[in-house]
Each structure stands twice: as structure tokens, then as C-alpha cells.
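Written out below as C-alpha cells is the structure these notes cover.
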Amino acid sequence: MKYELICGLETHVELSTKTKVFCSCTTEFGGEPNTHCCPICIGLPGTLPILNRRAVEYTVMAGIATNCEISTISRMDRKNYVYPDLPKAYQISQYDMPLCRNGWVGLSDGRRIRLTRIHLEEDAGKLIHGRAGTFVDYNRSGVPLIEIVSEPDIRSVEEAVEYVEKLQMIMRYLGISDCRMEEGSLRCDVNVSVRPEGSDGLGTRTEIKNMNSFSHMTKALNYERDRQIDLLESGESVVQETRRYDEKTGCTEGMRDKEDANDYRYFRDPDLIAIRITEETARKIRAEMPEDPQKRLSRFQSEYALPEKEALLLIEHRKIADYFERAAEGLKNPRSAANCITGPIFARLPDENAKEKFQIAVSAEDLNALLRMAEKAGIRENLVRSTLEKMLDTGKPVSDFLSKEDLEGVSGEELKKFCRQAVRQNPAAVKDYLGGKQKAIKALVGAVMKATRGRADPQKAQLVLKDLLDRG
Amino acid sequence: MLESRELSCTELTEKYLNAIGKENAALNAYIRLTPETALETARRVDEDIASGRSLSPLEGIPMTLKDNISTKGIETTCCSKMLQGYVPIYDATVWKILKDQNAVLLGKTNMDEFAMGSTCENSCYGGAGNPHDPVRVAGGSSGGAAAAVASDLAVYGLGSDTGGSIREPASFCGAVGFKPTYGTVSRYGLVAFASSFDQIGPITQSVEDAALIYDVISRQDPMDSTCTGRKTAVVPDLGKGIRGLKIGIPREYFDNVPEDVRKALRNTLKIWKSMGAELSEFGMPSVKLGLPIYYILACAEASSNLGRYDGIRYGYCTPHYQNREEMVCKTRSEGFGREVKRRILLGTYVLSAGYYDAYYKKAQDLRGAVIRAFDDVFQKCDLILTPTVPTTAFPKGRTGGDPVENYQTDICTVPVNIAGLPAVSIPCGSGRDGMPVGMQLIGPRFSESVLLNAAYRYEQETGGEPYRVKGMGVDL
């Protein structure tokens, strides 16, 4: 029998607000344990939470960007459970009145993954297991998190990965999270079930946790799908449970945690008042949001005449897309800016994180200056590239590398002089050419280019060379 | 008296400290004294007086804080074994305000553990005695504050009132106890019992003092989202006429009230009439729902608020354990007293899946009904008058057994907290046993001016002497 995979995801995204969600401690990642803390985020008796307005705005942005309805009134609730990393023994979250509902995220094949809700909550601290015992670090306690809950609309491992990549791109675009899976600023719990292809009902699901990269996610979901299919094929049934992915073995294993049996005893947090988002507030938040990456993709194709593939490479990270637009400003051929980015610049950014950070030595304005000069003076692409490489190496502006004569190029008598020199110095190529090998002319052009350090226009050089040789 | 230099602030503070030294042992009103802080503040005030600076109204006045109000550098235990050794690293907003005004903190006062109780007997330090008769209870939970003020071992004390914890001990000890409108005084730094009910307020020897203190502490606080502060100051309104003031008397509040207390209240009503108030009696059946609503919702909130005491970060931790679960379990079993455990269990139960709708949700709905009932009543009258407690202070140890019987003590006070209203208890005679009887005046939200002015006029009408036990304390 063929089986179909069904997944729904709960994605936690840490918001990159400057301060925590209920106090004014920094949200910075890392730091000496328990140095980013105050009486509020370690839950000392008598302290009260003060909701960070920015965290609410970021959540609303996430909701708007994923086509959600924004609640005009929402509430904060307490989710009660006991664990040492949770200093108040309850997490402030949203239960039945989340900030955002009923959204969707579009996949590349046009399918929409429906979102049930997005709500705002606080992160917990971290346990550190050492030789001398277990310690708690509350630096992360109170960092704002949003939980994005999808419907069980995902039908393959690839779709699950694409869905998370899309979310990652959207959140990074909005500038509301850095979404780093390895640092835990984007975490996914995936509900997985399988069913015979063509059937309507949903099978028993398991919840998979602890996947901190896309490759782990792929492996974990493949493993879990196959495990469930094997169970069903052998007449057994799937047990509803929470399973943890073990990156060493590549398997998922049941957690003995009694998490499933937890009764969180949700109730309204009496310390916080209702959150009201008026039309006016929503409008202001919307105005503050950057262009949607999907719209930007089509605009890049029409406005800059970029092929889709190239445009996609550029828009994936907002900093890069912004950089491109500044570098391409006023150019006759904006694609040259795109080529510089996807070529020499990308070569220096080894992975997605480096691209997201996008720290390079050449400012968009410097690249723009280089390309403008190149267009004006008709400099060849490989000289542009080699100059850009030097700029990237040193961080110095274009004027340090291209001289006046470089910009003026080589033409007229000067070009003829270089051509005559090439003919003299390459008798073999001349012989070949005169013997009928048209292609031999290329070697001569190459020699001219070399002698002029790329300043000459190869087409013009070829004409001059042909003229010299054909006339004998 | 301080500004006219009849007495230096240091002398005044020393008088109080000496009196406490002599009389506190019998009352157990204070469970922690802070003489160094007190004398240091007093010295500073004396310097200011010497330099000719004029004083603000509460400056240099010896006072106390209930032991659930956080004081930086001073142990704050809620009279629970669970918080032994816990020294806050921050000040509660109310204490910050008063500290800035050079209030002289004499010490922290006794209370029922985590403010759960009506006798002050649920204290890990033992109960507080009633200054009128130390074998009787001081009331609770702010029993220590009421006993200290009524015996003049402090000029005033701040308490907290979740279901009557300011008014009930004030009534038992014959002092003024004022519970302000929910959200007018910051709760930041008040160790939470039931967050949607808790409110800090003063226990004083006069209504004027209560008004003065309220005006100072009722500020909006950016650290407490539920605190909007007061709308208007009360003190400028004190002394206004009350002719034509409509006072409603809801019958239900007088059910099961013994004859001697009833008699004291009847006399009181005559005085109100003679002052020109218009009295009207009516029924208010929803009041009867007060106790169940209160105990369900307050315990639910408490079960969540008290979850943090696990022995990991501060306070008591069990000495012997094998693993984390056992550590938390034993710490909580050993650290909390019986009544606190009872309320945590009750609160956990009413929030549990399968019981939530029948208890918590229903109580929440009925809370709305009580609020609406008060709204309706306040369409017809300006204030409501009731007994504060159906009885006078009873002997210690009486209510060891039946918790439900104990809860009855709160029957007149809890509806006020359910609706977030302001209410004041002022002495109005005594019972057959010679113990003070208190009347409770309740007003609509933010009606502090009308409410306290009425109480003030009554106080003036009946002599205007400070409410305290003669011959005790400093008695200047």
C-alpha cells in the first residue's frame, strides 16, 4: 500500500526585540549565565510583568505577512507547569485569544499551508548539566517568542522544509527574528502521521521535537514516516506521543517525559490587561513593514529585467536585496550589479547564516560607483570583477584600483600599436590564422587583452587584428 | 509636632521602639524590627528639620509594613517557613514612594501565611494578639498591622486586602482599615496571593490619616499594568457636608449577625440619620454568592502564584532529597502551612481539565453578576453600609478545625474584592464582650473622596478621638 505523509508544524520564533517581553533586560543571545536577568524575569515574589509593546507589534507584523486576521482584542494567559527553567512555574502565553488567526503561507508550487494562529509568549531559561550538578541560566527567560501553528496541510518532507524556509525568510525579511535554528531562535515541533493514499481520515500522530537544522528535520521526518508506515504495515498501531530526534542515531525515540499528560490549567493572567489593536495601530504597523518578499521577487524581474532564478537568489535575504537595489541604482544594465552579488560576493559568503548577516567590505554605494564607471567607460566585465575582488579584499573604494587610463580604455593608434605587437610576438597563431584557422585570432585577441591589462575592447581589438592580417 | 520641634524625629522613633520593646512580646504584632533603618531615617529627617526644610505629611512618621510587602535588604517572608531567609533585592512601589518621603519603618508586621486567613493564626511566627484582649485574635490576615496600630506601636501600617485582610483585623482591633479601589495602589512588590483581588491599603488610628496615606500611595505605576492610580485627591474633600448622602443597607449582610453587633450597628444608623444621611434598606441576593466565588477564584490564582516556591532560587529548601522532583515536592510539603496547602490544592482542582467549567468558569461568570449587582445598587445610593465582620474578635484557637466556618468570617468583606470596590472599616461601638465592632462603608469604584469623607464626618461626629487602646504604646 502507498502511504501519504501528513504534517502540521508548531514553529517557535524568538523575536529580536531589544528587550525581553515583560521586563527591560536585553534579549542578546549568550552572555555569562544569569547576567541578562532582573527580579521580573527570574520571577521574584511580588514582581509583575509589563508587556513589551514592540513584541506585540512584531507579532502583528508576522501575522500580516502571513495573511492572518489580526485580533482587535487579545489576552495573555498563564500556562502552568513545573520545571526548573520556568521561574514562575507558569509561562505567560496566549490561550484562546491569540493576536493572529487564520493565515496562510504560499509554497513555490502555489499550494497554501493554512495557519491556525500565531500567538505571543515568553521563553524559558536553560538547564546546564555540569559535573557538580544541574544549573539554571535565566538569560533566555522572558525572551519574546511567537508560536506559529499550522494546519495539518503539509504532505511531504520537502514541503515541511520549504514551509519552514518560507517562514524563516518572511520573519527575517520583517527583521523581527534572525531565525537561527542552531541557536534555537527558530524551533519546530512537527506533528507527523501517515495514512493510506486516497483516504480521508487522519492517522494517529506523533510530535517530533529537537530538530535544530534543516538536515536534521529532513532526516527526522523521513525516519518517522518510515517508522509509522512499518508499524502499520506489520499490523501494529502508532502510539500518540512526543518523540525526540537523536542526531547521533538519526532516529526518533519516545520521550518518557509526562508532557502529554500535562494539564496546563490555562487561565487569564490577572497581572496583564487586554491587548487592543485598533485599525489605526494596525495601519501604522503595516506602514512600517518592508515590502513582501513575494512582491519584491516579481518587481525585481520586471523592474530590473532579472531572470527569476537570479531574482530569487537576491530576495532571499532582505539585506542582500536592499544592497542590490542600492548598487543597481541608475545603471543601464542593473543585471551587472546582480552578477557581482551572486558571483564574487556570494563566493565570500559560505553559508546561509553568512548571507543573512551579510557583512562585506564593499558598500552598495562603492559597488554602484564601480558599475557606473564601468558603464560610462565601457570597461570589460572581467576587469570589473578583478577590481571588485580587490575592493572586497581591502575595503577600499574603486578609485584606489582603477586609474584614469583604465577608465579611458585603449583605442585608435594605441590599440593598433598593441595589435601589431601581438602579431609580432605570436607568429604561430598568425600562421594558423593565415592558414585558414579562423579561431586562431582568439589567441591574438587574448594577447592584446593581456598587454592592455584588460583595458581594450576585445571586439574592437579583433577587428583591428583582422584588418592587419587580412591586408597582409 | 516634628516641625514645631516639640519632639525630634529621633526621639519620636525611640519612643516607638521602646514601646515596641515593652509591649510587642504580648501582642506579637511585629515579627521583625528594623531599628537601624528607622533611626537612620529619623536622623536624616532631624537634619532636614534643622536646615529649615518643610516636611511632607508622612515624613518622619513611624510606621510598619506587612511582611508581604517587598523591602530591599530586609527579609520579607509572608510569615511562611517557605520564605525564611528571603531578602528582596528590590523595593515594592508603595515602599519606594514612602521611603522617598522619609517614612520611618519600624519593622514588618505579622500576618497569616501568604495572607491566607482571618485570624493571623496561620503565621509561622505564631498569631498576633488583640490589643483589647490579647487572648483574642487580632484578625487577619493583616493582624499584626492592626494590632500594632491599635496599640499605638506604630502611627500607621500598610496591609493588603484580598478578601478583607485589612478591614477585618481593623474591625477586630478597633482601628480604621481602608481597602482602596482595585488598581489605584500599585501591587508591584506585594507578594501575590490572588492577583485580581489583592490591594494594598492603610490601617490607621483615624480616617484622616488613611486619606493622607492613600493620597500619597495611590499613583499610577509603570511597573503594574493594572494600576492606573487615583483620579482625585481625597484630603481636600475631607469635611464636606454629607446632608442628603444616600446610604444603602443590604439586608443580606445582616443575616446571621448576633444581636450585640446588630445593636451597635443600629446605634450607628441613628447617628448617620442625625447627620442628615438618607438610609434605605434593600435586598442584594448576589452577595450570598460571594464566598464561593471568592474561594474558587482566589485559590485558583493562588495555586498559580505560589507555584514558584520550589526551593531552587530562594527561601526554604528541604535538606534531604534524591532528585529534583523529590526536592520540589518535599520543599513544598515542608515549607507551606496547612491552610496554604489547602488553598493551593483547591485552586489546582478548580482549574483542572474537566472541572474548569463547573468551578472556575462559573465563578468567573458569577463575578460579573456580582459586579453588575453593585453597579445597580450604586444607581440608587452613594454608599453601602454593612457590618465589617458578623462578630467581634473571638478567642485564639477557636477556629482550629473547620475551614469553612473560618471562611464565614469573610462573608461581608469578600464581595468588595470581587467587584474591586473601595471600602473602609471604622469602629462603631462594642459588643457584649467589650470588643470593638466595625462598620464597613462601601463605595463605587474610584469614589474614595465621597467614601472617606463620609467616614471622616462620622468620626468627627462621634468624638474624633484616635482609635487606639488607651494606655498602650506611645500615646503622646
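By order in the C-alpha cells, chains are A, B, ...; within a chain, residues start at 1; ligands start at 1, following the order shown.
Non-sequential neighbours of Ser215 of chain A (distance at most 10 Å, separation of 6 or more positions within a chain, only C-alpha atoms) are Val161, Leu221 and Glu247 of chain A.
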Legend entry - Residue list for chain A near chain B as an NGL selection string, 10 Å, only C-alpha atoms: :A and (22-23 or 38-40 or 42-51 or 78-84 or 86-90 or 134-136 or 262-273)
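Atom to atom, atom CA of Leu99 of chain A and atom CA of Gly30 of chain A stand 28.7 Å apart.
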For segment 36-53 of chain B: contacts at 12 Å, only C-alpha atoms, fewer than 2 positions along chain excluded, given as a PDB file with N, CA and C atoms, in the first residue's frame:
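In the end it all went to around32.pdb:
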```
ATOM      1  N   MET B   1       4.049  68.441  64.950  1.00  0.00           N
ATOM      2  CA  MET B   1       4.828  68.341  66.176  1.00  0.00           C
ATOM      3  C   MET B   1       6.332  68.278  65.878  1.00  0.00           C
ATOM      4  N   LEU B   2       6.654  67.587  64.761  1.00  0.00           N
ATOM      5  CA  LEU B   2       8.056  67.497  64.371  1.00  0.00           C
ATOM      6  C   LEU B   2       8.568  68.846  63.902  1.00  0.00           C
ATOM      7  N   GLU B   3       7.768  69.505  63.079  1.00  0.00           N
ATOM      8  CA  GLU B   3       8.223  70.781  62.517  1.00  0.00           C
ATOM      9  C   GLU B   3       8.314  71.865  63.581  1.00  0.00           C
ATOM     10  N   SER B   4       7.400  71.790  64.577  1.00  0.00           N
ATOM     11  CA  SER B   4       7.452  72.803  65.634  1.00  0.00           C
ATOM     12  C   SER B   4       8.552  72.469  66.648  1.00  0.00           C
ATOM     13  N   ARG B   5       9.236  71.370  66.403  1.00  0.00           N
ATOM     14  CA  ARG B   5      10.388  70.953  67.208  1.00  0.00           C
ATOM     15  C   ARG B   5      10.053  70.667  68.668  1.00  0.00           C
ATOM     16  N   GLU B   6       8.769  70.302  68.906  1.00  0.00           N
ATOM     17  CA  GLU B   6       8.424  69.874  70.259  1.00  0.00           C
ATOM     18  C   GLU B   6       9.152  68.577  70.577  1.00  0.00           C
ATOM     19  N   LEU B   7       9.385  67.830  69.497  1.00  0.00           N
ATOM     20  CA  LEU B   7       9.945  66.493  69.647  1.00  0.00           C
ATOM     21  C   LEU B   7      10.788  66.240  68.406  1.00  0.00           C
ATOM     22  N   SER B   8      11.954  65.677  68.572  1.00  0.00           N
ATOM     23  CA  SER B   8      12.737  65.357  67.374  1.00  0.00           C
ATOM     24  C   SER B   8      12.261  64.032  66.816  1.00  0.00           C
ATOM     25  N   CYS B   9      12.533  63.834  65.553  1.00  0.00           N
ATOM     26  CA  CYS B   9      12.107  62.592  64.915  1.00  0.00           C
ATOM     27  C   CYS B   9      12.812  61.405  65.565  1.00  0.00           C
ATOM     28  N   THR B  10      14.063  61.616  65.946  1.00  0.00           N
ATOM     29  CA  THR B  10      14.808  60.538  66.604  1.00  0.00           C
ATOM     30  C   THR B  10      14.147  60.183  67.938  1.00  0.00           C
ATOM     31  N   GLU B  11      13.770  61.222  68.693  1.00  0.00           N
ATOM     32  CA  GLU B  11      13.094  60.968  69.973  1.00  0.00           C
ATOM     33  C   GLU B  11      11.795  60.199  69.750  1.00  0.00           C
ATOM     34  N   LEU B  12      11.042  60.652  68.752  1.00  0.00           N
ATOM     35  CA  LEU B  12       9.760  60.009  68.455  1.00  0.00           C
ATOM     36  C   LEU B  12       9.981  58.534  68.102  1.00  0.00           C
ATOM     37  N   THR B  13      10.972  58.303  67.234  1.00  0.00           N
ATOM     38  CA  THR B  13      11.252  56.931  66.807  1.00  0.00           C
ATOM     39  C   THR B  13      11.685  56.081  67.988  1.00  0.00           C
ATOM     40  N   GLU B  14      12.520  56.658  68.839  1.00  0.00           N
ATOM     41  CA  GLU B  14      12.973  55.904  70.015  1.00  0.00           C
ATOM     42  C   GLU B  14      11.824  55.557  70.945  1.00  0.00           C
ATOM     43  N   LYS B  15      10.888  56.500  71.082  1.00  0.00           N
ATOM     44  CA  LYS B  15       9.708  56.238  71.914  1.00  0.00           C
ATOM     45  C   LYS B  15       8.970  55.012  71.387  1.00  0.00           C
ATOM     46  N   TYR B  16       8.789  54.991  70.060  1.00  0.00           N
ATOM     47  CA  TYR B  16       8.080  53.848  69.467  1.00  0.00           C
ATOM     48  C   TYR B  16       8.875  52.558  69.647  1.00  0.00           C
ATOM     49  N   LEU B  17      10.175  52.635  69.416  1.00  0.00           N
ATOM     50  CA  LEU B  17      10.993  51.425  69.547  1.00  0.00           C
ATOM     51  C   LEU B  17      10.966  50.904  70.986  1.00  0.00           C
ATOM     52  N   LEU B  33      11.945  43.626  63.492  1.00  0.00           N
ATOM     53  CA  LEU B  33      12.124  45.055  63.746  1.00  0.00           C
ATOM     54  C   LEU B  33      13.288  45.578  62.916  1.00  0.00           C
ATOM     55  N   THR B  34      13.191  46.847  62.556  1.00  0.00           N
ATOM     56  CA  THR B  34      14.254  47.446  61.743  1.00  0.00           C
ATOM     57  C   THR B  34      14.731  48.741  62.402  1.00  0.00           C
ATOM     58  N   LEU B  55       8.440  69.788  55.879  1.00  0.00           N
ATOM     59  CA  LEU B  55       8.257  68.352  55.723  1.00  0.00           C
ATOM     60  C   LEU B  55       6.978  68.034  54.956  1.00  0.00           C
ATOM     61  N   SER B  56       7.021  66.940  54.207  1.00  0.00           N
ATOM     62  CA  SER B  56       5.782  66.463  53.591  1.00  0.00           C
ATOM     63  C   SER B  56       5.014  65.683  54.663  1.00  0.00           C
ATOM     64  N   LEU B  58       3.894  62.775  55.466  1.00  0.00           N
ATOM     65  CA  LEU B  58       4.223  61.486  56.075  1.00  0.00           C
ATOM     66  C   LEU B  58       5.679  61.406  56.498  1.00  0.00           C
ATOM     67  N   GLU B  59       6.395  62.505  56.315  1.00  0.00           N
ATOM     68  CA  GLU B  59       7.816  62.494  56.593  1.00  0.00           C
ATOM     69  C   GLU B  59       8.098  62.334  58.092  1.00  0.00           C
ATOM     70  N   GLY B  60       9.000  61.395  58.383  1.00  0.00           N
ATOM     71  CA  GLY B  60       9.413  61.198  59.773  1.00  0.00           C
ATOM     72  C   GLY B  60       8.395  60.457  60.623  1.00  0.00           C
ATOM     73  N   ILE B  61       7.330  59.953  60.028  1.00  0.00           N
ATOM     74  CA  ILE B  61       6.288  59.282  60.808  1.00  0.00           C
ATOM     75  C   ILE B  61       6.610  57.782  60.934  1.00  0.00           C
ATOM     76  N   PRO B  62       6.663  57.282  62.164  1.00  0.00           N
ATOM     77  CA  PRO B  62       6.969  55.862  62.375  1.00  0.00           C
ATOM     78  C   PRO B  62       5.825  54.970  61.917  1.00  0.00           C
ATOM     79  N   MET B  63       6.153  54.010  61.131  1.00  0.00           N
ATOM     80  CA  MET B  63       5.118  53.165  60.520  1.00  0.00           C
ATOM     81  C   MET B  63       5.611  51.732  60.327  1.00  0.00           C
ATOM     82  N   THR B  64       4.729  50.876  59.795  1.00  0.00           N
ATOM     83  CA  THR B  64       5.084  49.472  59.589  1.00  0.00           C
ATOM     84  C   THR B  64       4.595  48.991  58.220  1.00  0.00           C
ATOM     85  N   THR B  71      10.775  44.612  50.710  1.00  0.00           N
ATOM     86  CA  THR B  71      11.653  45.664  51.190  1.00  0.00           C
ATOM     87  C   THR B  71      13.081  45.255  50.880  1.00  0.00           C
ATOM     88  N   LYS B  72      13.718  46.040  50.042  1.00  0.00           N
ATOM     89  CA  LYS B  72      15.088  45.744  49.625  1.00  0.00           C
ATOM     90  C   LYS B  72      16.004  45.650  50.846  1.00  0.00           C
ATOM     91  N   GLY B  73      16.717  44.535  50.932  1.00  0.00           N
ATOM     92  CA  GLY B  73      17.671  44.380  52.027  1.00  0.00           C
ATOM     93  C   GLY B  73      17.048  43.965  53.352  1.00  0.00           C
ATOM     94  N   ILE B  74      15.725  43.903  53.420  1.00  0.00           N
ATOM     95  CA  ILE B  74      15.053  43.488  54.661  1.00  0.00           C
ATOM     96  C   ILE B  74      14.224  42.240  54.365  1.00  0.00           C
ATOM     97  N   LEU B  98       7.060  55.712  49.871  1.00  0.00           N
ATOM     98  CA  LEU B  98       7.122  56.160  51.262  1.00  0.00           C
ATOM     99  C   LEU B  98       8.556  56.405  51.726  1.00  0.00           C
ATOM    100  N   LYS B  99       9.472  55.575  51.224  1.00  0.00           N
ATOM    101  CA  LYS B  99      10.878  55.741  51.563  1.00  0.00           C
ATOM    102  C   LYS B  99      11.361  57.113  51.081  1.00  0.00           C
ATOM    103  N   ASP B 100      10.931  57.463  49.852  1.00  0.00           N
ATOM    104  CA  ASP B 100      11.303  58.777  49.305  1.00  0.00           C
ATOM    105  C   ASP B 100      10.775  59.905  50.187  1.00  0.00           C
ATOM    106  N   GLN B 101       9.681  59.625  50.907  1.00  0.00           N
ATOM    107  CA  GLN B 101       9.096  60.638  51.791  1.00  0.00           C
ATOM    108  C   GLN B 101       9.654  60.514  53.201  1.00  0.00           C
ATOM    109  N   ASN B 102      10.746  59.764  53.346  1.00  0.00           N
ATOM    110  CA  ASN B 102      11.356  59.570  54.659  1.00  0.00           C
ATOM    111  C   ASN B 102      10.409  58.978  55.699  1.00  0.00           C
ATOM    112  N   ALA B 103       9.600  58.037  55.295  1.00  0.00           N
ATOM    113  CA  ALA B 103       8.788  57.304  56.266  1.00  0.00           C
ATOM    114  C   ALA B 103       9.744  56.489  57.137  1.00  0.00           C
ATOM    115  N   VAL B 104       9.439  56.411  58.421  1.00  0.00           N
ATOM    116  CA  VAL B 104      10.317  55.702  59.351  1.00  0.00           C
ATOM    117  C   VAL B 104       9.789  54.280  59.570  1.00  0.00           C
ATOM    118  N   LEU B 105      10.464  53.325  58.941  1.00  0.00           N
ATOM    119  CA  LEU B 105       9.988  51.934  59.022  1.00  0.00           C
ATOM    120  C   LEU B 105      10.471  51.293  60.323  1.00  0.00           C
ATOM    121  N   LEU B 106       9.509  50.964  61.199  1.00  0.00           N
ATOM    122  CA  LEU B 106       9.853  50.359  62.493  1.00  0.00           C
ATOM    123  C   LEU B 106      10.088  48.855  62.346  1.00  0.00           C
ATOM    124  N   GLY B 107       9.360  48.234  61.426  1.00  0.00           N
ATOM    125  CA  GLY B 107       9.527  46.785  61.255  1.00  0.00           C
ATOM    126  C   GLY B 107       8.437  46.209  60.368  1.00  0.00           C
ATOM    127  N   LYS B 108       8.463  44.879  60.252  1.00  0.00           N
ATOM    128  CA  LYS B 108       7.477  44.182  59.426  1.00  0.00           C
ATOM    129  C   LYS B 108       6.486  43.494  60.354  1.00  0.00           C
ATOM    130  N   ALA B 154       2.698  51.874  66.339  1.00  0.00           N
ATOM    131  CA  ALA B 154       3.037  52.499  65.059  1.00  0.00           C
ATOM    132  C   ALA B 154       1.945  53.510  64.778  1.00  0.00           C
TER     133      ALA B 154
END
```
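Atom pair atom CA of Leu238 of chain B / atom CA of Ser206 of chain B: separated by 12.3 Å.
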Legend entry - Filtered DSSP result for segment 335-459 of chain B, state alpha helix (DSSP H), as an MDAnalysis selection string: chainID B and resid 335 338:351 362:380 403:408 414:419 448:459
Selected residues written out, C-alpha atoms, as a compact mmCIF listing (two decimals), in the first residue's frame:
```
# COMPACT_ATOMS: atom_id res chain seq x y z
CA GLY B 335 7.58 24.84 53.59
CA ARG B 338 -1.87 23.62 56.22
CA GLU B 339 -4.13 26.44 55.07
CA VAL B 340 -1.84 27.43 52.22
CA LYS B 341 -1.63 23.83 51.02
CA ARG B 342 -5.40 23.52 51.27
CA ARG B 343 -5.90 26.58 49.06
CA ILE B 344 -3.26 25.50 46.53
CA LEU B 345 -4.95 22.12 46.23
CA LEU B 346 -8.38 23.70 45.93
CA GLY B 347 -7.15 26.16 43.33
CA THR B 348 -5.38 23.48 41.31
CA TYR B 349 -8.52 21.41 41.37
CA VAL B 350 -10.87 24.13 40.12
CA LEU B 351 -8.56 24.91 37.19
CA LYS B 362 -18.79 29.51 36.57
CA ALA B 363 -17.26 31.56 39.38
CA GLN B 364 -15.81 33.94 36.79
CA ASP B 365 -19.26 34.39 35.24
CA LEU B 366 -20.81 34.98 38.64
CA ARG B 367 -18.11 37.51 39.42
CA GLY B 368 -19.57 39.50 36.55
CA ALA B 369 -23.03 39.16 38.08
CA VAL B 370 -21.84 40.50 41.44
CA ILE B 371 -20.13 43.45 39.73
CA ARG B 372 -23.39 44.24 37.91
CA ALA B 373 -25.40 43.94 41.14
CA PHE B 374 -23.18 46.54 42.79
CA ASP B 375 -23.47 48.77 39.70
CA ASP B 376 -27.25 48.59 40.02
CA VAL B 377 -27.20 49.37 43.72
CA PHE B 378 -24.96 52.37 43.17
CA GLN B 379 -27.56 53.77 40.78
CA LYS B 380 -29.80 54.10 43.85
CA PRO B 403 -12.03 25.81 57.43
CA VAL B 404 -15.49 26.52 56.03
CA GLU B 405 -16.52 28.03 59.35
CA ASN B 406 -13.37 30.16 59.25
CA TYR B 407 -14.23 31.36 55.78
CA GLN B 408 -17.59 32.70 57.08
CA VAL B 414 -15.23 39.48 50.03
CA PRO B 415 -17.91 40.96 47.73
CA VAL B 416 -15.94 44.22 47.76
CA ASN B 417 -12.83 42.47 46.42
CA ILE B 418 -14.85 40.53 43.87
CA ALA B 419 -16.03 43.85 42.44
CA GLU B 448 -12.64 57.38 47.62
CA SER B 449 -13.38 61.06 48.21
CA VAL B 450 -17.06 60.50 49.00
CA LEU B 451 -16.36 57.33 50.94
CA LEU B 452 -13.57 58.61 53.17
CA ASN B 453 -15.26 61.98 53.68
CA ALA B 454 -18.38 60.23 54.98
CA ALA B 455 -16.26 58.11 57.31
CA TYR B 456 -14.38 61.23 58.40
CA ARG B 457 -17.60 63.07 59.20
CA TYR B 458 -18.83 60.11 61.24
CA GLU B 459 -15.57 60.00 63.13
```
